[in-house]
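Trainee: This is query-v4.cif (mmCIF, C-alpha atoms).
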```cif
data_work
loop_
_atom_site.label_atom_id
_atom_site.label_comp_id
_atom_site.auth_asym_id
_atom_site.auth_seq_id
_atom_site.Cartn_x
_atom_site.Cartn_y
_atom_site.Cartn_z
CA MET L 1 -11.92 58.76 -27.87
CA LYS L 2 -14.47 61.55 -28.42
CA ASN L 3 -15.89 59.71 -31.50
CA ILE L 4 -16.30 56.49 -29.49
CA PHE L 5 -18.34 58.21 -26.79
CA SER L 6 -20.50 59.89 -29.44
CA LEU L 7 -21.29 56.51 -31.02
CA LEU L 8 -22.17 55.04 -27.65
CA THR L 9 -24.48 57.96 -26.81
CA LEU L 10 -26.25 57.65 -30.17
CA ALA L 11 -26.79 53.91 -29.75
CA LEU L 12 -28.28 54.40 -26.31
CA LEU L 13 -30.66 57.07 -27.61
CA ILE L 14 -31.85 54.79 -30.43
CA VAL L 15 -32.64 51.99 -28.00
CA SER L 16 -34.46 54.18 -25.50
CA CYS L 17 -36.27 56.65 -27.75
CA GLY L 18 -36.56 54.82 -31.06
CA SER L 19 -35.93 56.05 -34.61
CA PRO L 20 -38.28 58.41 -36.51
CA GLU L 21 -39.19 55.57 -38.89
CA THR L 22 -40.46 53.11 -36.31
CA GLY L 23 -41.12 55.28 -33.25
CA SER L 24 -40.31 54.48 -29.63
CA VAL L 25 -40.63 51.03 -28.06
CA GLU L 26 -43.75 52.13 -26.16
CA GLU L 27 -45.41 53.44 -29.30
CA VAL L 28 -44.72 50.27 -31.30
CA ILE L 29 -46.07 48.02 -28.54
CA ALA L 30 -49.17 50.17 -28.19
CA SER L 31 -49.86 49.84 -31.94
CA LYS L 32 -50.20 46.07 -31.57
CA ASP L 33 -48.90 45.73 -35.14
CA ILE L 34 -46.97 42.45 -35.17
CA GLU L 35 -44.84 43.47 -38.14
CA LYS L 36 -43.84 46.77 -36.55
CA ILE L 37 -43.04 44.99 -33.27
CA ARG L 38 -40.77 42.48 -35.07
CA ALA L 39 -39.08 45.28 -37.00
CA LYS L 40 -38.47 47.18 -33.75
CA LYS L 41 -36.96 44.06 -32.16
CA THR L 42 -34.51 43.69 -35.05
CA GLU L 43 -33.60 47.38 -34.76
CA VAL L 44 -32.95 47.07 -31.01
CA LEU L 45 -30.79 43.95 -31.49
CA LYS L 46 -28.66 45.80 -34.02
CA SER L 47 -28.33 48.63 -31.54
CA TYR L 48 -27.12 46.18 -28.84
CA ASP L 49 -24.56 44.80 -31.27
CA SER L 50 -23.34 48.32 -31.85
CA ILE L 51 -23.13 48.94 -28.12
CA GLY L 52 -21.14 45.71 -27.63
CA ALA L 53 -18.65 46.70 -30.31
CA VAL L 54 -18.29 50.16 -28.78
CA LEU L 55 -17.76 48.69 -25.28
CA THR L 56 -15.05 46.42 -26.63
CA ARG L 57 -13.25 49.40 -28.15
CA LEU L 58 -13.63 51.25 -24.87
CA ASP L 59 -12.10 48.34 -22.92
CA LEU L 60 -9.14 48.28 -25.28
CA ALA L 61 -8.70 52.02 -24.96
CA ILE L 62 -8.82 51.80 -21.15
CA ASP L 63 -6.27 49.00 -21.20
CA GLU L 64 -3.91 51.03 -23.39
CA ASN L 65 -4.18 54.27 -21.46
CA ASP L 66 -4.62 53.17 -17.84
CA THR L 67 -1.30 53.65 -16.04
CA LEU L 68 -2.64 52.13 -12.81
CA LYS L 69 -3.55 48.65 -14.05
CA LYS L 70 -4.95 46.21 -11.49
CA LEU L 71 -4.09 42.87 -13.08
CA PRO L 72 -4.78 39.55 -11.31
CA LEU L 73 -1.77 38.64 -9.15
CA VAL L 74 -0.71 34.99 -9.57
CA THR L 75 2.12 32.61 -8.78
CA THR L 76 3.53 30.19 -11.35
CA TYR L 77 4.95 26.70 -11.60
CA THR L 78 7.36 25.40 -14.24
CA VAL L 79 6.72 21.91 -15.60
CA ASN L 80 9.81 19.66 -15.75
CA ASP L 81 10.53 16.03 -16.61
CA THR L 82 11.09 13.97 -13.47
CA LEU L 83 10.79 10.49 -12.00
CA PHE L 84 7.24 9.72 -10.86
CA GLU L 85 6.64 6.93 -8.37
CA HIS L 86 3.13 6.01 -7.33
CA PHE L 87 2.53 4.09 -4.11
CA VAL L 88 -0.41 2.14 -2.70
CA ASP L 89 -0.98 2.73 1.03
CA ILE L 90 -1.93 -0.47 2.88
CA GLN L 91 -1.89 -1.57 6.52
CA GLY L 92 -0.22 -4.87 7.39
CA ASN L 93 0.74 -7.04 10.34
CA VAL L 94 4.15 -8.43 11.34
CA GLU L 95 4.33 -12.22 11.40
CA THR L 96 6.89 -15.00 11.61
CA ASN L 97 6.71 -18.71 10.91
CA GLN L 98 8.92 -19.32 13.95
CA ASN L 99 6.62 -18.18 16.73
CA ILE L 100 5.06 -21.21 18.39
CA LEU L 101 3.76 -22.62 21.65
CA ILE L 102 5.51 -25.76 22.85
CA TYR L 103 3.23 -28.49 24.26
CA PRO L 104 4.16 -31.65 26.21
CA GLU L 105 4.04 -34.99 24.41
CA TYR L 106 3.90 -37.12 27.56
CA GLN L 107 1.63 -37.12 30.59
CA GLY L 108 3.24 -36.69 33.98
CA LEU L 109 4.82 -34.32 36.46
CA LEU L 110 6.90 -31.48 34.98
CA THR L 111 10.02 -32.17 37.01
CA ARG L 112 12.45 -29.67 35.46
CA VAL L 113 12.35 -26.47 33.39
CA TYR L 114 15.88 -25.74 32.22
CA VAL L 115 15.33 -22.28 30.65
CA THR L 116 14.07 -18.85 31.70
CA GLU L 117 12.12 -16.13 29.89
CA GLY L 118 14.29 -14.13 27.51
CA GLN L 119 16.92 -16.87 27.26
CA LYS L 120 18.34 -17.59 23.80
CA VAL L 121 18.36 -21.27 22.87
CA SER L 122 19.70 -23.40 20.02
CA LYS L 123 17.83 -25.94 17.94
CA GLY L 124 17.64 -29.28 19.81
CA GLN L 125 18.54 -27.76 23.19
CA LEU L 126 16.86 -29.41 26.23
CA LEU L 127 14.14 -27.11 27.57
CA ALA L 128 12.17 -29.21 30.08
CA LYS L 129 11.72 -32.73 31.48
CA VAL L 130 8.54 -34.65 32.33
CA ASP L 131 8.65 -37.49 34.87
CA ASP L 132 8.61 -40.78 32.92
CA GLY L 133 6.80 -42.75 35.64
CA GLY L 134 9.34 -45.60 35.63
CA LEU L 135 9.50 -45.86 31.84
CA SER L 136 13.30 -45.54 31.85
CA SER L 137 13.56 -48.60 34.15
CA GLN L 138 11.34 -50.57 31.80
CA VAL L 139 13.55 -49.58 28.89
CA ALA L 140 16.63 -50.78 30.81
CA GLN L 141 14.97 -54.13 31.53
CA MET L 142 13.89 -54.46 27.93
CA GLU L 143 17.43 -53.72 26.74
CA THR L 144 18.76 -56.49 29.04
CA GLN L 145 16.25 -58.94 27.56
CA TYR L 146 17.26 -57.85 24.11
CA GLU L 147 20.95 -58.42 24.82
CA LEU L 148 20.15 -61.94 26.04
CA ALA L 149 18.02 -62.63 22.97
CA LYS L 150 20.79 -61.32 20.75
CA THR L 151 23.39 -63.58 22.37
CA THR L 152 21.07 -66.58 22.05
CA PHE L 153 20.49 -65.85 18.38
CA GLU L 154 24.18 -65.46 17.63
CA ARG L 155 24.93 -68.85 19.20
CA GLN L 156 22.02 -70.48 17.43
CA GLU L 157 23.22 -68.92 14.16
CA ARG L 158 26.71 -70.41 14.59
CA LEU L 159 25.24 -73.85 15.25
CA TRP L 160 22.93 -73.54 12.25
CA ASN L 161 25.85 -72.59 10.06
CA GLN L 162 27.58 -75.82 11.24
CA LYS L 163 24.45 -77.81 10.37
CA ILE L 164 23.78 -78.42 14.06
CA GLY L 165 20.28 -78.00 15.47
CA SER L 166 16.98 -77.49 13.71
CA GLU L 167 15.95 -74.64 11.48
CA ILE L 168 12.96 -73.87 13.70
CA GLN L 169 15.25 -73.18 16.67
CA TYR L 170 17.28 -70.77 14.55
CA LEU L 171 14.19 -68.92 13.29
CA GLN L 172 12.65 -68.69 16.76
CA ALA L 173 15.85 -67.16 18.17
CA LYS L 174 15.98 -64.66 15.33
CA SER L 175 12.31 -63.70 15.69
CA ASN L 176 12.67 -63.26 19.46
CA MET L 177 15.68 -60.97 19.05
CA GLU L 178 14.04 -58.82 16.36
CA GLY L 179 10.82 -58.50 18.37
CA LEU L 180 12.70 -57.30 21.44
CA ALA L 181 14.73 -54.86 19.31
CA SER L 182 11.49 -53.35 17.98
CA SER L 183 10.04 -53.12 21.50
CA VAL L 184 13.20 -51.39 22.77
CA ASN L 185 13.02 -48.82 19.95
CA GLN L 186 9.35 -48.10 20.62
CA MET L 187 9.93 -47.63 24.35
CA LYS L 188 12.94 -45.39 23.70
CA ALA L 189 10.81 -43.25 21.36
CA GLN L 190 8.16 -43.02 24.06
CA LEU L 191 10.82 -42.15 26.63
CA GLY L 192 12.10 -39.41 24.29
CA ARG L 193 8.72 -37.71 24.54
CA THR L 194 9.39 -37.01 28.21
CA THR L 195 12.10 -34.51 27.21
CA VAL L 196 11.18 -31.19 25.61
CA ARG L 197 13.67 -29.75 23.10
CA ALA L 198 13.83 -26.55 21.05
CA PRO L 199 12.42 -27.08 17.52
CA PHE L 200 14.52 -24.18 16.20
CA SER L 201 16.98 -21.57 17.44
CA GLY L 202 15.34 -18.55 19.04
CA GLU L 203 14.36 -16.95 22.31
CA ILE L 204 12.10 -18.18 25.11
CA ASP L 205 9.45 -15.48 25.10
CA GLU L 206 7.24 -16.82 27.89
CA ILE L 207 7.19 -19.65 30.46
CA ILE L 208 3.56 -20.72 30.72
CA THR L 209 3.69 -23.85 32.91
CA GLU L 210 5.90 -23.79 35.98
CA GLN L 211 7.97 -26.67 37.30
CA GLY L 212 6.03 -29.09 39.54
CA GLN L 213 2.72 -29.05 37.64
CA VAL L 214 1.13 -32.10 36.05
CA VAL L 215 1.05 -31.86 32.25
CA ALA L 216 -0.51 -33.87 29.45
CA PRO L 217 -0.58 -33.87 25.62
CA GLY L 218 -3.20 -31.46 24.31
CA GLY L 219 -3.35 -29.59 27.61
CA GLN L 220 -1.72 -26.33 28.61
CA ALA L 221 1.34 -25.19 26.66
CA LEU L 222 4.70 -25.24 28.44
CA MET L 223 6.30 -22.15 26.87
CA ARG L 224 6.52 -19.92 23.80
CA ILE L 225 9.62 -19.76 21.60
CA VAL L 226 10.17 -17.01 19.01
CA ASN L 227 12.80 -16.39 16.37
CA LEU L 228 12.96 -12.69 15.40
CA ASN L 229 15.43 -13.16 12.55
CA ASN L 230 12.95 -14.25 9.87
CA MET L 231 10.23 -11.61 10.16
CA PHE L 232 7.80 -10.60 7.44
CA VAL L 233 4.79 -8.32 7.04
CA LYS L 234 1.55 -9.80 5.75
CA ALA L 235 -1.12 -7.58 4.20
CA SER L 236 -4.33 -7.87 2.17
CA VAL L 237 -4.32 -5.86 -1.07
CA PRO L 238 -7.39 -4.98 -3.23
CA GLU L 239 -7.60 -7.14 -6.35
CA THR L 240 -7.33 -4.06 -8.62
CA TYR L 241 -3.58 -4.05 -7.91
CA LEU L 242 -3.05 -7.71 -8.83
CA GLY L 243 -1.42 -6.82 -12.15
CA SER L 244 0.96 -4.21 -10.74
CA ILE L 245 2.28 -5.88 -7.55
CA LYS L 246 4.70 -8.75 -8.15
CA LYS L 247 7.56 -10.53 -6.41
CA GLY L 248 10.40 -8.07 -5.91
CA THR L 249 8.16 -4.96 -5.88
CA LEU L 250 9.69 -2.26 -3.68
CA VAL L 251 7.84 -1.49 -0.43
CA ASN L 252 8.46 1.21 2.18
CA VAL L 253 7.48 -0.21 5.57
CA THR L 254 6.78 2.08 8.54
CA PHE L 255 6.20 0.92 12.13
CA PRO L 256 4.47 3.83 13.93
CA ALA L 257 4.68 2.21 17.38
CA ILE L 258 8.49 2.14 17.36
CA ASN L 259 8.98 5.14 15.02
CA SER L 260 10.96 3.04 12.57
CA LYS L 261 11.03 2.79 8.77
CA VAL L 262 12.67 0.09 6.66
CA GLU L 263 12.75 -0.83 2.99
CA GLY L 264 11.61 -4.26 1.90
CA LYS L 265 10.52 -6.24 -1.14
CA VAL L 266 7.49 -8.39 -1.85
CA LYS L 267 8.60 -12.02 -1.36
CA ASN L 268 5.30 -13.72 -2.03
CA VAL L 269 2.04 -12.87 -3.83
CA GLY L 270 -1.02 -14.94 -2.97
CA ASN L 271 -2.86 -16.86 -5.71
CA TYR L 272 -6.22 -16.75 -3.94
CA ILE L 273 -8.65 -13.81 -3.95
CA ASN L 274 -10.83 -13.63 -0.87
CA PRO L 275 -14.45 -13.48 -2.13
CA ASN L 276 -15.60 -11.65 1.01
CA ASN L 277 -13.44 -8.53 0.57
CA ARG L 278 -11.91 -9.04 -2.92
CA THR L 279 -8.32 -8.95 -1.70
CA PHE L 280 -5.21 -11.09 -2.09
CA ASP L 281 -2.37 -11.56 0.42
CA ILE L 282 1.23 -10.46 0.03
CA GLU L 283 4.28 -10.98 2.23
CA ILE L 284 7.22 -8.58 2.58
CA ASP L 285 10.55 -9.54 4.11
CA VAL L 286 11.78 -6.99 6.64
CA PRO L 287 15.26 -6.78 8.20
CA ASN L 288 15.35 -6.97 11.99
CA LYS L 289 18.98 -6.55 12.99
CA ASP L 290 18.29 -5.01 16.41
CA ASN L 291 15.22 -7.24 17.14
CA THR L 292 12.94 -4.24 17.69
CA ILE L 293 10.31 -5.57 15.27
CA LYS L 294 7.96 -7.96 17.08
CA PRO L 295 5.22 -10.35 15.88
CA ASN L 296 1.77 -8.73 15.46
CA LEU L 297 3.28 -5.23 15.25
CA VAL L 298 1.17 -2.95 13.00
CA ALA L 299 2.94 -1.84 9.81
CA LYS L 300 2.03 0.82 7.25
CA LEU L 301 3.04 -0.12 3.71
CA GLU L 302 3.78 2.09 0.72
CA ILE L 303 3.87 -0.29 -2.24
CA ASN L 304 5.42 1.04 -5.45
CA ASP L 305 2.88 -0.05 -8.09
CA TYR L 306 3.89 2.43 -10.83
CA SER L 307 7.10 4.22 -11.86
CA LYS L 308 7.92 6.37 -14.88
CA GLU L 309 11.07 8.23 -15.91
CA GLY L 310 10.58 11.61 -17.57
CA ALA L 311 7.06 12.12 -16.25
CA MET L 312 5.50 15.59 -16.17
CA LEU L 313 4.15 16.34 -12.71
CA ILE L 314 2.13 19.34 -11.58
CA PRO L 315 0.43 20.20 -8.27
CA ALA L 316 -2.99 18.56 -8.24
CA ASN L 317 -4.68 21.69 -6.86
CA VAL L 318 -3.90 23.82 -9.96
CA ILE L 319 -6.22 21.75 -12.16
CA GLN L 320 -9.72 23.06 -12.90
CA GLU L 321 -12.64 21.25 -14.47
CA ASN L 322 -15.49 22.50 -16.65
CA SER L 323 -19.10 21.34 -16.79
CA LYS L 324 -18.19 18.63 -19.31
CA GLY L 325 -15.65 17.13 -16.95
CA GLU L 326 -12.72 18.36 -19.05
CA LYS L 327 -9.60 19.28 -17.06
CA PHE L 328 -7.58 22.39 -17.86
CA VAL L 329 -4.86 24.72 -16.60
CA PHE L 330 -3.68 28.19 -17.58
CA VAL L 331 -0.34 28.36 -19.40
CA VAL L 332 1.65 31.60 -19.12
CA SER L 333 3.01 33.20 -22.32
CA GLU L 334 4.13 36.57 -23.74
CA MET L 335 5.95 37.35 -20.50
CA GLU L 336 7.40 40.85 -20.18
CA ASN L 337 8.92 41.80 -16.85
CA ASP L 338 6.32 40.58 -14.33
CA GLU L 339 3.31 40.74 -16.70
CA ALA L 340 2.05 38.05 -19.06
CA VAL L 341 -0.92 36.55 -20.89
CA VAL L 342 -2.51 33.21 -20.01
CA THR L 343 -3.85 30.57 -22.39
CA LYS L 344 -6.37 27.96 -21.32
CA LYS L 345 -5.00 24.47 -22.04
CA GLN L 346 -7.00 21.25 -21.79
CA ILE L 347 -4.98 18.38 -20.31
CA GLU L 348 -5.22 14.62 -19.71
CA THR L 349 -4.03 13.34 -16.35
CA GLY L 350 -2.85 10.03 -14.94
CA LEU L 351 -2.16 8.84 -11.42
CA LYS L 352 -2.02 11.13 -8.40
CA TYR L 353 0.21 10.76 -5.35
CA ASP L 354 1.36 12.96 -2.48
CA GLY L 355 -0.29 16.12 -3.85
CA GLU L 356 1.12 15.75 -7.38
CA ILE L 357 -0.50 14.37 -10.53
CA GLU L 358 1.00 13.12 -13.77
CA VAL L 359 0.07 15.00 -16.97
CA ILE L 360 -0.18 12.56 -19.89
CA SER L 361 -0.96 15.13 -22.61
CA GLY L 362 -1.62 18.84 -23.06
CA LEU L 363 1.61 20.23 -21.62
CA GLU L 364 5.28 20.18 -22.53
CA SER L 365 8.39 20.24 -20.39
CA GLY L 366 9.34 23.83 -19.64
CA ASP L 367 5.77 25.18 -19.76
CA THR L 368 4.92 27.70 -17.06
CA ILE L 369 1.45 27.37 -15.55
CA VAL L 370 -0.54 29.44 -13.08
CA ARG L 371 -0.35 27.90 -9.63
CA GLU L 372 -2.24 30.30 -7.35
CA GLY L 373 -4.87 32.80 -8.50
CA ALA L 374 -6.27 30.83 -11.44
CA LEU L 375 -9.90 30.58 -10.32
CA THR L 376 -11.00 33.95 -11.72
CA LEU L 377 -8.92 33.88 -14.92
CA LYS L 378 -10.24 33.59 -18.46
CA ASP L 379 -8.56 32.51 -21.67
CA GLY L 380 -6.36 35.37 -22.96
CA ALA L 381 -6.43 37.31 -19.67
CA LYS L 382 -3.49 39.46 -18.66
CA ILE L 383 -1.87 38.73 -15.32
CA LYS L 384 0.83 39.98 -13.03
CA ILE L 385 3.25 37.39 -11.68
CA LYS L 386 4.01 37.57 -7.99
CA SER L 387 7.73 37.69 -7.43
CA ALA L 388 9.27 34.92 -5.36
CA LYS L 389 10.55 35.94 -1.93
#
```
Could you take the file, read its structure, and then write that structure out as structure tokens?

Mentor:
Amino acid sequence: MKNIFSLLTLALLIVSCGSPETGSVEEVIASKDIEKIRAKKTEVLKSYDSIGAVLTRLDLAIDENDTLKKLPLVTTYTVNDTLFEHFVDIQGNVETNQNILIYPEYQGLLTRVYVTEGQKVSKGQLLAKVDDGGLSSQVAQMETQYELAKTTFERQERLWNQKIGSEIQYLQAKSNMEGLASSVNQMKAQLGRTTVRAPFSGEIDEIITEQGQVVAPGGQALMRIVNLNNMFVKASVPETYLGSIKKGTLVNVTFPAINSKVEGKVKNVGNYINPNNRTFDIEIDVPNKDNTIKPNLVAKLEINDYSKEGAMLIPANVIQENSKGEKFVFVVSEMENDEAVVTKKQIETGLKYDGEIEVISGLESGDTIVREGALTLKDGAKIKIKSAK
């Protein structure tokens, strides 16, 4: 140690005072001799090199003899193979194809409404009745005329089969009967429009037009019927995910308003990309056993667009980046008790999700990396590992 300090003292004296051959720095500069100045510069540089070597030896000596070392205190993380699932977060909207307004098909007075709000109904069930304005009486008269025409035709047909009467009489009777039959069917169809029936099984969500009001086709709706059994979430997804989201893709669906979470699958992927926002539509079936999920309810979707078995995941906040954009971490080695040495390792990363990022190359399963306290470390630095509590 005494020899090291002697060398350091000598080097410092050479730099400050100069050697007998060249003189001091001040003397050389004052001479204005370019060759002497260059020679002095070379001499000083050699002196600095000597000082650097001496300082390195001093650092090593301090490290070996200092019993009160103050090493950087860090925490560590062990890299293991695990399943990595990446999700795309999208907002969607609950919809159903069985949520419609029912309109009248006939003009007249709404004489009866047979259902109430919240009532469950079956497909084809009678919901309301519009006054037919005497149409039912006309249908009854027309049916009577038809029966008479039918009887006349049947008699005329028997006579014609016996070669009695003219062919024209037979054809006229037949034409008259068929014409009345067509008229009866048309009037019955028109009369059927005065009754309002459920197009599918569901629940009467709202009565819009009360009994006693005059209604007409294309006017105000009578009521709303909803079926909550076949619900789905519709969402618009950026086109960059077109290749990774397919039918059957797993989706976690959360409904913040009702604090509910269900698991669904993509049932349909749209074939059209909206040119305005560069998105395509998807639909996800969602179970609704207790009927708590309603149309137009906001849904938050986590769509699983990437999965990998045996992936190496590390916390995203342990990664550092140099000026070239290269990513690196510090790997712990030569561990003895709670002390170790760190090695700077460049890594290549993949997708990031929920605070973790996949490492594609640069690390191996079982590697221990510095988690906290890495910002001030250098390659080859000694550290002290903080014990877990």

Trainee: Expand the PyMOL selection byres ((chain L and resi 102) around 7) into the individual residues it matches in the shown file, reporting them as a ChimeraX atom specification.

Mentor: /L:100-101,103-104,221-224

Trainee: State, in Å with one decimal place, the distance from atom CA of L:Ser24 to atom CA of L:Ile51.

Mentor: 18.1 Å

Trainee: Determine the nearest neighbour of L:Val342 from the options L:Glu26, L:Glu85, L:Glu147, L:Asp367, counting all atoms listed in the file.

Mentor: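 Selected residue with least distance to L:Val342: L:Asp367.
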
Trainee: Expand the PyMOL selection byres ((chain L and resi 372) around 9) into the individual residues it matches in the shown file, reporting them as a VMD selection string.

Mentor: chain L and resid 73 to 76 317 to 318 370 to 371 373 to 375

Trainee: Quick check, in Å to one decimal: how far apart do atom CA of L:Ile357 and atom CA of L:Gln320 lie?

Mentor: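 A separation of 12.9 Å between them.
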
Trainee: Can you tell me, as a list of chain:residue names, what residues are no more than 12 Å from L:Ser260 when counting all atoms listed in the file, ignoring any on the same chain fewer than 2 positions away?

Mentor: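 Answer for this query is L:Asn252, L:Val253, L:Thr254, L:Phe255, L:Pro256, L:Ala257, L:Ile258, L:Val262, L:Glu263, L:Val286, L:Pro287, L:Asn288, L:Asp290, L:Thr292, L:Ile293, L:Leu297, L:Val298, L:Ala299, L:Lys300.
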
Trainee: Return the single residue from L:Thr209, L:Ser307, L:Asn93, L:Gln172 that is closest to L:Gly350, with distances computed using only C-alpha atoms.

Mentor: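 Ranked by minimum distance to L:Gly350, first place goes to L:Ser307.
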
Trainee: As an exercise, work out the distance from atom CA of L:Pro295 to atom CA of L:Leu228 in Å and give it to one decimal place.

Mentor: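 For atom CA of L:Pro295 relative to atom CA of L:Leu228, the distance reads 8.1 Å.
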
Trainee: Enumerate, in order of chain and increasing residue number, the residues of stretch 111-196 of chain L with an atom no farther than 8 Å from stretch 202-205 of chain L, each with its shortest atom pair and distance in Å to one decimal, counting all atoms listed in the file, as CSV.

Mentor:
```
residue,atom,partner,partner_atom,distance
L:Val115,CA,L:Ile204,CA,7.6
L:Thr116,CA,L:Ile204,CA,6.9
L:Glu117,CA,L:Ile204,CA,5.2
L:Gly118,CA,L:Ile204,CA,5.2
L:Gln119,CA,L:Ile204,CA,5.4
L:Lys120,CA,L:Glu203,CA,4.3
L:Val121,CA,L:Gly202,CA,5.6
L:Ser122,CA,L:Gly202,CA,6.6
L:Lys123,CA,L:Gly202,CA,7.9
```
